[in-house]
$ cat query.pdb   # PDB, C-alpha atoms
ATOM      1  CA  MET S   7      38.175  70.467 -84.045
ATOM      2  CA  GLN S   8      37.681  73.540 -81.897
ATOM      3  CA  ILE S   9      34.477  75.571 -81.968
ATOM      4  CA  MET S  10      35.075  79.295 -81.542
ATOM      5  CA  LEU S  11      31.859  80.963 -80.472
ATOM      6  CA  SER S  12      31.500  84.528 -81.683
ATOM      7  CA  ASN S  13      31.214  87.037 -78.821
ATOM      8  CA  ASN S  14      29.355  84.561 -76.592
ATOM      9  CA  THR S  15      30.414  83.767 -73.033
ATOM     10  CA  GLY S  16      27.057  83.069 -71.330
ATOM     11  CA  GLN S  17      26.406  80.341 -68.764
ATOM     12  CA  LYS S  18      25.225  77.834 -71.354
ATOM     13  CA  VAL S  19      28.545  78.289 -73.128
ATOM     14  CA  LYS S  20      30.548  77.941 -69.922
ATOM     15  CA  ASP S  21      28.759  74.686 -69.124
ATOM     16  CA  LEU S  22      30.049  73.299 -72.405
ATOM     17  CA  TRP S  23      33.563  74.561 -71.649
ATOM     18  CA  ASP S  24      33.515  72.510 -68.453
ATOM     19  CA  LYS S  25      32.031  69.437 -70.094
ATOM     20  CA  TYR S  26      34.328  69.475 -73.136
ATOM     21  CA  PRO S  27      37.603  71.152 -72.124
ATOM     22  CA  GLY S  28      39.744  72.075 -75.065
ATOM     23  CA  ARG S  29      36.928  71.920 -77.598
ATOM     24  CA  PHE S  30      35.807  75.525 -77.335
ATOM     25  CA  GLY S  31      37.265  78.931 -77.917
ATOM     26  CA  CYS S  32      36.075  82.468 -78.624
ATOM     27  CA  LEU S  33      36.270  84.678 -81.693
ATOM     28  CA  PHE S  34      36.152  88.314 -80.628
ATOM     29  CA  GLY S  35      35.132  91.090 -82.984
ATOM     30  CA  THR S  36      36.011  94.738 -82.576
ATOM     31  CA  ASP S  37      33.139  95.272 -80.095
ATOM     32  CA  GLY S  38      33.253  91.912 -78.365
ATOM     33  CA  TRP S  39      36.304  91.671 -76.108
ATOM     34  CA  ARG S  40      35.898  89.534 -72.966
ATOM     35  CA  ASN S  41      38.395  88.352 -70.363
ATOM     36  CA  VAL S  42      38.451  84.580 -70.832
ATOM     37  CA  ASP S  43      40.752  81.740 -69.867
ATOM     38  CA  ILE S  44      40.144  79.646 -72.971
ATOM     39  CA  PRO S  45      41.724  79.994 -76.429
ATOM     40  CA  TYR S  46      40.508  82.956 -78.442
ATOM     41  CA  ALA S  47      41.128  84.643 -81.784
ATOM     42  CA  LEU S  48      40.631  88.219 -82.951
ATOM     43  CA  ASP S  49      38.471  89.131 -85.924
ATOM     44  CA  ASN S  50      39.086  92.383 -87.789
ATOM     45  CA  GLY S  51      35.380  93.266 -87.953
ATOM     46  CA  ARG S  52      35.339  93.978 -91.687
ATOM     47  CA  TYR S  53      32.687  91.373 -92.526
ATOM     48  CA  ALA S  54      30.308  92.536 -89.790
ATOM     49  CA  ALA S  55      30.661  96.181 -90.817
ATOM     50  CA  THR S  56      30.204  95.412 -94.513
ATOM     51  CA  THR S  57      27.094  93.267 -94.085
ATOM     52  CA  LYS S  58      25.516  95.926 -91.848
ATOM     53  CA  GLY S  59      26.358  98.748 -94.247
ATOM     54  CA  GLN S  60      28.556 100.433 -91.646
ATOM     55  CA  LEU S  61      31.913 102.156 -91.911
ATOM     56  CA  TRP S  62      34.765  99.964 -90.683
ATOM     57  CA  GLU S  63      36.646 101.715 -87.865
ATOM     58  CA  VAL S  64      40.334 100.942 -87.837
ATOM     59  CA  GLU S  65      40.757 102.401 -84.343
ATOM     60  CA  LYS S  66      38.433  99.737 -82.919
ATOM     61  CA  PHE S  67      40.596  97.063 -84.484
ATOM     62  CA  LYS S  68      43.724  98.637 -83.000
ATOM     63  CA  PHE S  69      42.021  98.816 -79.594
ATOM     64  CA  LEU S  70      41.269  95.082 -79.815
ATOM     65  CA  LEU S  71      44.903  94.291 -80.626
ATOM     66  CA  ASP S  72      46.182  96.493 -77.791
ATOM     67  CA  LYS S  73      43.740  94.893 -75.366
ATOM     68  CA  SER S  74      45.046  91.437 -76.286
ATOM     69  CA  LEU S  75      48.672  92.571 -76.086
ATOM     70  CA  LYS S  76      48.184  93.475 -72.421
ATOM     71  CA  TYR S  77      46.292  90.281 -71.617
ATOM     72  CA  HIS S  78      48.016  87.251 -70.099
ATOM     73  CA  ASN S  79      46.977  84.937 -72.959
ATOM     74  CA  PRO S  80      47.843  85.813 -76.575
ATOM     75  CA  PRO S  81      45.343  85.077 -79.361
ATOM     76  CA  VAL S  82      45.520  81.921 -81.443
ATOM     77  CA  PHE S  83      45.467  84.180 -84.495
ATOM     78  CA  VAL S  84      44.442  87.625 -85.726
ATOM     79  CA  VAL S  85      42.393  87.979 -88.910
ATOM     80  CA  VAL S  86      44.291  90.480 -91.075
ATOM     81  CA  PRO S  87      41.934  93.084 -92.618
ATOM     82  CA  ASP S  88      40.489  91.797 -95.878
ATOM     83  CA  VAL S  89      38.050  93.170 -98.441
ATOM     84  CA  VAL S  90      34.808  91.209 -98.345
ATOM     85  CA  ALA S  91      33.992  89.354-101.592
ATOM     86  CA  ASP S  92      37.011  90.817-103.413
ATOM     87  CA  LYS S  93      39.854  88.428-104.201
ATOM     88  CA  ASN S  94      42.330  90.904-105.684
ATOM     89  CA  ALA S  95      41.735  93.638-103.119
ATOM     90  CA  THR S  96      42.171  91.134-100.275
ATOM     91  CA  LEU S  97      45.554  90.093-101.673
ATOM     92  CA  GLU S  98      46.576  93.746-101.998
ATOM     93  CA  HIS S  99      45.460  94.541 -98.449
ATOM     94  CA  TRP S 100      47.462  91.632 -97.062
ATOM     95  CA  GLU S 101      50.622  93.130 -98.535
ATOM     96  CA  ILE S 102      49.726  96.568 -97.220
ATOM     97  CA  TRP S 103      48.804  95.545 -93.689
ATOM     98  CA  THR S 104      51.553  93.014 -93.099
ATOM     99  CA  ALA S 105      54.153  95.440 -94.425
ATOM    100  CA  LYS S 106      53.197  98.005 -91.805
ATOM    101  CA  SER S 107      55.468  96.973 -88.955
ATOM    102  CA  HIS S 108      53.842  99.500 -86.633
ATOM    103  CA  TRP S 109      50.647  97.456 -86.938
ATOM    104  CA  PHE S 110      51.653  93.843 -86.525
ATOM    105  CA  GLY S 111      55.372  94.011 -85.812
ATOM    106  CA  LYS S 112      54.958  94.978 -82.174
ATOM    107  CA  TYR S 113      52.211  92.440 -81.545
ATOM    108  CA  LYS S 114      53.890  89.351 -83.004
ATOM    109  CA  PHE S 115      50.572  87.502 -83.132
ATOM    110  CA  PRO S 116      49.953  84.651 -85.620
ATOM    111  CA  LEU S 117      48.247  86.133 -88.683
ATOM    112  CA  ALA S 118      45.316  84.654 -90.609
ATOM    113  CA  PHE S 119      44.721  85.294 -94.303
ATOM    114  CA  VAL S 120      41.076  85.362 -95.438
ATOM    115  CA  VAL S 121      40.386  83.410 -98.619
ATOM    116  CA  GLN S 122      37.576  84.741-100.807
ATOM    117  CA  ASP S 123      35.510  83.361-103.683
ATOM    118  CA  GLY S 124      37.706  82.417-106.617
ATOM    119  CA  MET S 125      40.889  81.842-104.630
ATOM    120  CA  ILE S 126      42.920  78.668-104.787
ATOM    121  CA  PRO S 127      45.470  77.372-102.241
ATOM    122  CA  GLU S 128      48.310  78.875-104.271
ATOM    123  CA  ASP S 129      46.893  82.361-103.593
ATOM    124  CA  VAL S 130      47.613  82.106 -99.858
ATOM    125  CA  PRO S 131      50.705  84.195 -98.980
ATOM    126  CA  ASP S 132      53.702  82.266 -97.667
ATOM    127  CA  SER S 133      53.804  84.583 -94.652
ATOM    128  CA  ALA S 134      50.324  83.558 -93.452
ATOM    129  CA  ASP S 135      50.248  81.487 -90.243
ATOM    130  CA  TRP S 136      46.575  80.562 -90.644
ATOM    131  CA  VAL S 137      44.074  80.282 -93.465
ATOM    132  CA  PHE S 138      40.651  81.707 -92.631
ATOM    133  CA  ILE S 139      38.048  80.398 -95.074
ATOM    134  CA  GLY S 140      35.530  83.131 -95.800
ATOM    135  CA  GLY S 141      33.610  83.660 -99.006
ATOM    136  CA  SER S 142      30.016  82.909 -99.952
ATOM    137  CA  PRO S 143      28.333  79.818 -98.443
ATOM    138  CA  LYS S 144      28.214  77.913-101.729
ATOM    139  CA  TRP S 145      31.859  78.587-102.612
ATOM    140  CA  LYS S 146      33.000  77.869 -99.075
ATOM    141  CA  ARG S 147      31.205  74.527 -99.007
ATOM    142  CA  ALA S 148      32.890  73.479-102.250
ATOM    143  CA  ASN S 149      36.401  74.478-101.157
ATOM    144  CA  ILE S 150      36.861  73.626 -97.468
ATOM    145  CA  TRP S 151      38.430  70.270 -98.244
ATOM    146  CA  ARG S 152      40.835  71.755-100.813
ATOM    147  CA  PHE S 153      42.344  74.233 -98.375
ATOM    148  CA  CYS S 154      42.394  71.799 -95.440
ATOM    149  CA  ASN S 155      44.194  69.297 -97.638
ATOM    150  CA  LYS S 156      46.909  71.879 -98.346
ATOM    151  CA  PHE S 157      47.385  73.723 -95.046
ATOM    152  CA  LYS S 158      47.823  72.657 -91.426
ATOM    153  CA  ASN S 159      46.133  75.627 -89.717
ATOM    154  CA  VAL S 160      42.702  76.221 -91.244
ATOM    155  CA  HIS S 161      39.787  78.045 -89.628
ATOM    156  CA  VAL S 162      36.365  78.107 -91.282
ATOM    157  CA  GLY S 163      34.158  81.124 -90.680
ATOM    158  CA  GLY S 164      30.378  81.238 -90.402
ATOM    159  CA  ILE S 165      29.563  77.581 -89.682
ATOM    160  CA  ASN S 166      26.090  77.367 -88.130
ATOM    161  CA  THR S 167      24.734  73.986 -89.226
ATOM    162  CA  VAL S 168      25.331  70.457 -88.018
ATOM    163  CA  ARG S 169      26.234  69.332 -91.493
ATOM    164  CA  GLY S 170      28.772  72.155 -91.661
ATOM    165  CA  LEU S 171      30.366  70.950 -88.415
ATOM    166  CA  TRP S 172      30.865  67.458 -89.798
ATOM    167  CA  VAL S 173      32.132  68.661 -93.157
ATOM    168  CA  CYS S 174      34.768  70.824 -91.458
ATOM    169  CA  HIS S 175      35.640  68.058 -88.999
ATOM    170  CA  LYS S 176      36.072  65.423 -91.693
ATOM    171  CA  SER S 177      37.984  67.848 -93.894
ATOM    172  CA  GLY S 178      40.543  68.405 -91.137
ATOM    173  CA  ALA S 179      39.818  72.011 -90.142
ATOM    174  CA  LYS S 180      41.420  73.041 -86.862
ATOM    175  CA  SER S 181      38.611  75.368 -85.839
ATOM    176  CA  ILE S 182      35.355  77.005 -86.916
ATOM    177  CA  ASP S 183      33.234  79.894 -85.702
ATOM    178  CA  GLY S 184      29.508  80.537 -85.731
ATOM    179  CA  THR S 185      26.901  82.783 -84.144
ATOM    180  CA  GLY S 186      23.790  80.613 -84.358
ATOM    181  CA  TRP S 187      24.375  77.765 -81.908
ATOM    182  CA  PHE S 188      22.770  79.438 -78.888
ATOM    183  CA  ARG S 189      19.791  81.223 -80.402
ATOM    184  CA  GLY S 190      16.988  78.902 -79.380
ATOM    185  CA  ASP S 191      17.026  76.425 -82.260
ATOM    186  CA  GLU S 192      16.636  73.114 -80.400
ATOM    187  CA  VAL S 193      17.404  70.945 -83.425
ATOM    188  CA  ARG S 194      20.665  72.763 -84.017
ATOM    189  CA  TRP S 195      21.481  72.675 -80.302
ATOM    190  CA  ARG S 196      20.955  68.904 -80.147
ATOM    191  CA  GLY S 197      23.057  68.526 -83.265
ATOM    192  CA  LEU S 198      25.917  70.420 -81.639
ATOM    193  CA  LEU S 199      25.739  68.231 -78.529
ATOM    194  CA  GLN S 200      25.616  65.108 -80.678
ATOM    195  CA  TYR S 201      28.638  66.239 -82.652
ATOM    196  CA  LEU S 202      30.631  66.863 -79.467
ATOM    197  CA  TYR S 203      29.593  63.561 -77.901
ATOM    198  CA  ARG S 204      30.335  61.492 -80.990
ATOM    199  CA  THR S 205      33.707  63.071 -81.731
ATOM    200  CA  GLU S 206      34.826  62.851 -78.101
ATOM    201  CA  ASN S 207      33.979  59.149 -78.096
ATOM    202  CA  ALA S 208      35.246  58.327 -81.595
ATOM    203  CA  LEU S 209      31.725  57.638 -82.849
ATOM    204  CA  GLY S 210      31.834  59.849 -85.905
ATOM    205  CA  GLU S 211      31.563  57.038 -88.430
ATOM    206  CA  LYS S 212      27.820  57.573 -88.911
ATOM    207  CA  GLN S 213      28.711  60.766 -90.743
ATOM    208  CA  GLY S 214      31.053  58.996 -93.151
ATOM    209  CA  ARG S 215      28.659  58.594 -96.046
ATOM    210  CA  LEU S 216      27.479  62.166 -95.736
ATOM    211  CA  PHE S 217      31.045  63.400 -95.962
ATOM    212  CA  GLU S 218      31.772  61.201 -98.943
ATOM    213  CA  MET S 219      28.727  62.683-100.645
ATOM    214  CA  TYR S 220      29.970  66.201 -99.847
ATOM    215  CA  GLU S 221      33.548  65.560-100.933
ATOM    216  CA  ALA S 222      32.552  64.110-104.284
ATOM    217  CA  ASP S 223      30.093  66.958-104.781
ATOM    218  CA  ALA S 224      32.834  69.481-104.040
ATOM    219  CA  MET S 225      35.013  67.828-106.670
ATOM    220  CA  GLY S 226      32.327  68.254-109.308
ATOM    221  CA  ALA S 227      30.583  64.862-109.223
ATOM    222  CA  ARG S 228      26.837  64.570-109.804
ATOM    223  CA  PHE S 229      24.389  62.765-107.558
ATOM    224  CA  TYR S 230      20.867  61.566-108.090
ATOM    225  CA  GLN S 231      18.752  63.788-105.849
ATOM    226  CA  LYS S 232      16.747  60.914-104.377
ATOM    227  CA  TYR S 233      19.891  59.032-103.335
ATOM    228  CA  ALA S 234      21.431  62.180-101.851
ATOM    229  CA  GLU S 235      18.336  62.837 -99.755
ATOM    230  CA  GLU S 236      18.283  59.236 -98.503
ATOM    231  CA  LEU S 237      21.883  59.552 -97.327
ATOM    232  CA  LYS S 238      21.148  62.827 -95.597
ATOM    233  CA  GLU S 239      18.087  61.468 -93.788
ATOM    234  CA  ASP S 240      19.992  58.378 -92.689
ATOM    235  CA  CYS S 241      22.624  60.562 -91.024
ATOM    236  CA  ILE S 242      20.082  62.865 -89.414
ATOM    237  CA  ARG S 243      18.368  59.866 -87.800
ATOM    238  CA  GLY S 244      21.584  59.290 -85.859
ATOM    239  CA  TYR S 245      20.941  62.407 -83.754
ATOM    240  CA  SER S 246      19.151  60.719 -80.873
ATOM    241  CA  GLY S 247      20.664  62.987 -78.248
ATOM    242  CA  GLU S 248      20.957  60.058 -75.837
ATOM    243  CA  GLY S 249      23.632  60.447 -73.201
ATOM    244  CA  ILE S 250      24.548  64.042 -74.040
ATOM    245  CA  THR S 251      22.103  66.214 -72.114
ATOM    246  CA  LEU S 252      23.796  68.767 -69.883
ATOM    247  CA  LYS S 253      22.868  68.467 -66.254
TER
END

$ encode --input "query.pdb" --output "structure tokens"
Amino acid sequence: MQIMLSNNTGQKVKDLWDKYPGRFGCLFGTDGWRNVDIPYALDNGRYAATTKGQLWEVEKFKFLLDKSLKYHNPPVFVVVPDVVADKNATLEHWEIWTAKSHWFGKYKFPLAFVVQDGMIPEDVPDSADWVFIGGSPKWKRANIWRFCNKFKNVHVGGINTVRGLWVCHKSGAKSIDGTGWFRGDEVRWRGLLQYLYRTENALGEKQGRLFEMYEADAMGARFYQKYAEELKEDCIRGYSGEGITLK
């Protein structure tokens, strides 16, 4: 699974690119373009604008697309403008935006459809090249496996926890993005390094029981809280960090 870091190309990030080639990419928002030689995707910026109470500027999105069109590497996908937290409006906007050939016709980039709370796999348009799992944290957590089980190209947005990494990995997601991996949280940082080390060396089995707990929970099963916490703690104890420190 590839980790697409949102608008982050600092030295700490580049060290990981060198150590784990092919495992990292970038997700660029409307104000975050960088010249990079690793895979990248383009976000439409709607979520960031909405959560900040700002007006979404379509011209910034167009500038981002034009910038990528002139660049030597095309994006892995472009997130087609959606309507945050609105299932029906997002479906309507997909039809509107993808029908405008002057928007996406000239670019010919792979297009990602954002799934929102309440959507099911059958809601994804046949013309979508990628499924971008958005929605609220609780809904997202309960539906990652369902969409990954149905589609080949699935990206999960807003993953900033170690548990989230493993859930997406075990579910079969192709990529995730997150903004919190390089903000000074040492526990989260060690968890990221542990995830990379274990998956590169086929040592991910320690997370098996945690995933089974998640998958059953997502399907509506009930767990005794004490047993669930014991499973979680057992998995967390596996994060020793041995052998994965960057030099």

$ atom_distance --input "query.pdb" --atom1 "atom CA of Thr104 of chain S" --atom2 "atom CA of Tyr77 of chain S"
22.3 Å

$ closest_residue --input "query.pdb" --among "S:Ala91, S:Val19, S:Leu202, S:Val120" --to "Asn50 of chain S" --atoms "all atoms listed in the file"
S:Val120

$ resolve_selection --input "query.pdb" --expression "the PyMOL selection byres ((chain S and resi 150-164) around 8)" --output "PDB file with C-alpha atoms, in the frame of the given file"
ATOM      1  CA  ILE S 126      42.920  78.668-104.787  1.00  0.00           C
ATOM      2  CA  PRO S 127      45.470  77.372-102.241  1.00  0.00           C
ATOM      3  CA  ASP S 135      50.248  81.487 -90.243  1.00  0.00           C
ATOM      4  CA  TRP S 136      46.575  80.562 -90.644  1.00  0.00           C
ATOM      5  CA  VAL S 137      44.074  80.282 -93.465  1.00  0.00           C
ATOM      6  CA  PHE S 138      40.651  81.707 -92.631  1.00  0.00           C
ATOM      7  CA  ILE S 139      38.048  80.398 -95.074  1.00  0.00           C
ATOM      8  CA  GLY S 140      35.530  83.131 -95.800  1.00  0.00           C
ATOM      9  CA  LYS S 146      33.000  77.869 -99.075  1.00  0.00           C
ATOM     10  CA  ARG S 147      31.205  74.527 -99.007  1.00  0.00           C
ATOM     11  CA  ALA S 148      32.890  73.479-102.250  1.00  0.00           C
ATOM     12  CA  ASN S 149      36.401  74.478-101.157  1.00  0.00           C
ATOM     13  CA  ILE S 165      29.563  77.581 -89.682  1.00  0.00           C
ATOM     14  CA  ASN S 166      26.090  77.367 -88.130  1.00  0.00           C
ATOM     15  CA  CYS S 174      34.768  70.824 -91.458  1.00  0.00           C
ATOM     16  CA  SER S 177      37.984  67.848 -93.894  1.00  0.00           C
ATOM     17  CA  GLY S 178      40.543  68.405 -91.137  1.00  0.00           C
ATOM     18  CA  ALA S 179      39.818  72.011 -90.142  1.00  0.00           C
ATOM     19  CA  LYS S 180      41.420  73.041 -86.862  1.00  0.00           C
ATOM     20  CA  SER S 181      38.611  75.368 -85.839  1.00  0.00           C
ATOM     21  CA  ILE S 182      35.355  77.005 -86.916  1.00  0.00           C
ATOM     22  CA  ASP S 183      33.234  79.894 -85.702  1.00  0.00           C
ATOM     23  CA  GLY S 184      29.508  80.537 -85.731  1.00  0.00           C
ATOM     24  CA  THR S 185      26.901  82.783 -84.144  1.00  0.00           C
ATOM     25  CA  GLU S 221      33.548  65.560-100.933  1.00  0.00           C
TER      26      GLU S 221
END

$ residues_near_point --input "query.pdb" --point "(23.1, 73.2, -78.6)" --cutoff "12 Å" --atoms "all atoms listed in the file" --output "PyMOL selection string"
chain S and resi 11+18-19+21-22+166-168+185-203+247+250-252

$ axis_aligned_box --input "query.pdb" --around "segment 50-60 of chain S" --padding-each-side "5 Å" --output "AutoDock Vina command-line options"
--center_x 32.3 --center_y 95.9 --center_z -91.2 --size_x 23.6 --size_y 19.1 --size_z 16.7

$ atom_distance --input "query.pdb" --atom1 "atom CA of Val90 of chain S" --atom2 "atom CA of Arg52 of chain S"
7.2 Å

$ atom_distance --input "query.pdb" --atom1 "atom CA of Pro81 of chain S" --atom2 "atom CA of Tyr46 of chain S"
5.4 Å

$ closest_residue --input "query.pdb" --among "S:His99, S:Lys114, S:Arg40, S:His175" --to "Val82 of chain S" --atoms "all atoms listed in the file"
S:Lys114

$ resolve_selection --input "query.pdb" --expression "the PyMOL selection byres ((chain S and resi 12) around 9)" --output "PDB file with C-alpha atoms, in the frame of the given file"
ATOM      1  CA  MET S  10      35.075  79.295 -81.542  1.00  0.00           C
ATOM      2  CA  LEU S  11      31.859  80.963 -80.472  1.00  0.00           C
ATOM      3  CA  ASN S  13      31.214  87.037 -78.821  1.00  0.00           C
ATOM      4  CA  ASN S  14      29.355  84.561 -76.592  1.00  0.00           C
ATOM      5  CA  THR S  15      30.414  83.767 -73.033  1.00  0.00           C
ATOM      6  CA  GLY S  31      37.265  78.931 -77.917  1.00  0.00           C
ATOM      7  CA  CYS S  32      36.075  82.468 -78.624  1.00  0.00           C
ATOM      8  CA  LEU S  33      36.270  84.678 -81.693  1.00  0.00           C
ATOM      9  CA  PHE S  34      36.152  88.314 -80.628  1.00  0.00           C
ATOM     10  CA  GLY S  35      35.132  91.090 -82.984  1.00  0.00           C
ATOM     11  CA  GLY S  38      33.253  91.912 -78.365  1.00  0.00           C
ATOM     12  CA  ASP S 183      33.234  79.894 -85.702  1.00  0.00           C
ATOM     13  CA  GLY S 184      29.508  80.537 -85.731  1.00  0.00           C
ATOM     14  CA  THR S 185      26.901  82.783 -84.144  1.00  0.00           C
TER      15      THR S 185
END

$ resolve_selection --input "query.pdb" --expression "the PyMOL selection byres ((chain S and resi 54-70) around 10)" --output "list in words"
Phe34, Gly35, Thr36, Asp37, Gly38, Trp39, Leu48, Asp49, Asn50, Gly51, Arg52, Tyr53, Leu71, Asp72, Lys73, Ser74, Leu75, Pro87, Val89, Val90, Trp109 and Phe110 of chain S

$ closest_residue --input "query.pdb" --among "S:Ala95, S:Leu209, S:Val130, S:Ala118" --to "Ala47 of chain S" --atoms "all atoms listed in the file"
S:Ala118

$ decode --input "query.pdb" --residues "segment 191-206 of chain S" --atoms "N, CA, C and O atoms" --output "PDB file, in the first residue's frame"
ATOM      1  N   ASP S 191       4.439  13.713  16.791  1.00  0.00           N
ATOM      2  CA  ASP S 191       3.919  12.638  17.632  1.00  0.00           C
ATOM      3  C   ASP S 191       4.829  11.419  17.481  1.00  0.00           C
ATOM      4  O   ASP S 191       4.776  10.708  16.484  1.00  0.00           O
ATOM      5  N   GLU S 192       5.674  11.162  18.488  1.00  0.00           N
ATOM      6  CA  GLU S 192       6.668  10.097  18.380  1.00  0.00           C
ATOM      7  C   GLU S 192       6.038   8.707  18.324  1.00  0.00           C
ATOM      8  O   GLU S 192       6.547   7.808  17.650  1.00  0.00           O
ATOM      9  N   VAL S 193       4.940   8.512  19.047  1.00  0.00           N
ATOM     10  CA  VAL S 193       4.280   7.210  19.020  1.00  0.00           C
ATOM     11  C   VAL S 193       3.753   6.911  17.623  1.00  0.00           C
ATOM     12  O   VAL S 193       3.931   5.810  17.089  1.00  0.00           O
ATOM     13  N   ARG S 194       3.139   7.901  17.019  1.00  0.00           N
ATOM     14  CA  ARG S 194       2.614   7.723  15.665  1.00  0.00           C
ATOM     15  C   ARG S 194       3.752   7.536  14.658  1.00  0.00           C
ATOM     16  O   ARG S 194       3.654   6.722  13.736  1.00  0.00           O
ATOM     17  N   TRP S 195       4.829   8.283  14.844  1.00  0.00           N
ATOM     18  CA  TRP S 195       5.989   8.163  13.966  1.00  0.00           C
ATOM     19  C   TRP S 195       6.588   6.760  14.040  1.00  0.00           C
ATOM     20  O   TRP S 195       6.865   6.138  13.020  1.00  0.00           O
ATOM     21  N   ARG S 196       6.753   6.232  15.253  1.00  0.00           N
ATOM     22  CA  ARG S 196       7.284   4.880  15.405  1.00  0.00           C
ATOM     23  C   ARG S 196       6.327   3.851  14.797  1.00  0.00           C
ATOM     24  O   ARG S 196       6.755   2.858  14.203  1.00  0.00           O
ATOM     25  N   GLY S 197       5.046   4.103  14.941  1.00  0.00           N
ATOM     26  CA  GLY S 197       4.063   3.202  14.359  1.00  0.00           C
ATOM     27  C   GLY S 197       4.142   3.165  12.846  1.00  0.00           C
ATOM     28  O   GLY S 197       3.993   2.103  12.228  1.00  0.00           O
ATOM     29  N   LEU S 198       4.387   4.316  12.232  1.00  0.00           N
ATOM     30  CA  LEU S 198       4.541   4.381  10.782  1.00  0.00           C
ATOM     31  C   LEU S 198       5.772   3.596  10.338  1.00  0.00           C
ATOM     32  O   LEU S 198       5.724   2.802   9.385  1.00  0.00           O
ATOM     33  N   LEU S 199       6.891   3.796  11.044  1.00  0.00           N
ATOM     34  CA  LEU S 199       8.115   3.071  10.715  1.00  0.00           C
ATOM     35  C   LEU S 199       7.927   1.564  10.895  1.00  0.00           C
ATOM     36  O   LEU S 199       8.407   0.758  10.091  1.00  0.00           O
ATOM     37  N   GLN S 200       7.230   1.191  11.956  1.00  0.00           N
ATOM     38  CA  GLN S 200       6.982  -0.228  12.206  1.00  0.00           C
ATOM     39  C   GLN S 200       6.124  -0.832  11.100  1.00  0.00           C
ATOM     40  O   GLN S 200       6.390  -1.936  10.622  1.00  0.00           O
ATOM     41  N   TYR S 201       5.108  -0.089  10.698  1.00  0.00           N
ATOM     42  CA  TYR S 201       4.250  -0.565   9.612  1.00  0.00           C
ATOM     43  C   TYR S 201       5.067  -0.795   8.334  1.00  0.00           C
ATOM     44  O   TYR S 201       4.945  -1.835   7.677  1.00  0.00           O
ATOM     45  N   LEU S 202       5.901   0.176   7.983  1.00  0.00           N
ATOM     46  CA  LEU S 202       6.711   0.047   6.770  1.00  0.00           C
ATOM     47  C   LEU S 202       7.664  -1.139   6.867  1.00  0.00           C
ATOM     48  O   LEU S 202       7.790  -1.933   5.938  1.00  0.00           O
ATOM     49  N   TYR S 203       8.341  -1.255   8.005  1.00  0.00           N
ATOM     50  CA  TYR S 203       9.298  -2.343   8.195  1.00  0.00           C
ATOM     51  C   TYR S 203       8.621  -3.702   8.113  1.00  0.00           C
ATOM     52  O   TYR S 203       9.092  -4.611   7.438  1.00  0.00           O
ATOM     53  N   ARG S 204       7.499  -3.843   8.793  1.00  0.00           N
ATOM     54  CA  ARG S 204       6.827  -5.142   8.849  1.00  0.00           C
ATOM     55  C   ARG S 204       6.226  -5.523   7.499  1.00  0.00           C
ATOM     56  O   ARG S 204       6.282  -6.680   7.094  1.00  0.00           O
ATOM     57  N   THR S 205       5.656  -4.582   6.788  1.00  0.00           N
ATOM     58  CA  THR S 205       5.067  -4.917   5.493  1.00  0.00           C
ATOM     59  C   THR S 205       6.143  -5.173   4.443  1.00  0.00           C
ATOM     60  O   THR S 205       5.953  -6.025   3.568  1.00  0.00           O
ATOM     61  N   GLU S 206       7.251  -4.470   4.515  1.00  0.00           N
ATOM     62  CA  GLU S 206       8.343  -4.713   3.569  1.00  0.00           C
ATOM     63  C   GLU S 206       8.959  -6.089   3.772  1.00  0.00           C
ATOM     64  O   GLU S 206       9.471  -6.699   2.833  1.00  0.00           O
TER      65      GLU S 206
END
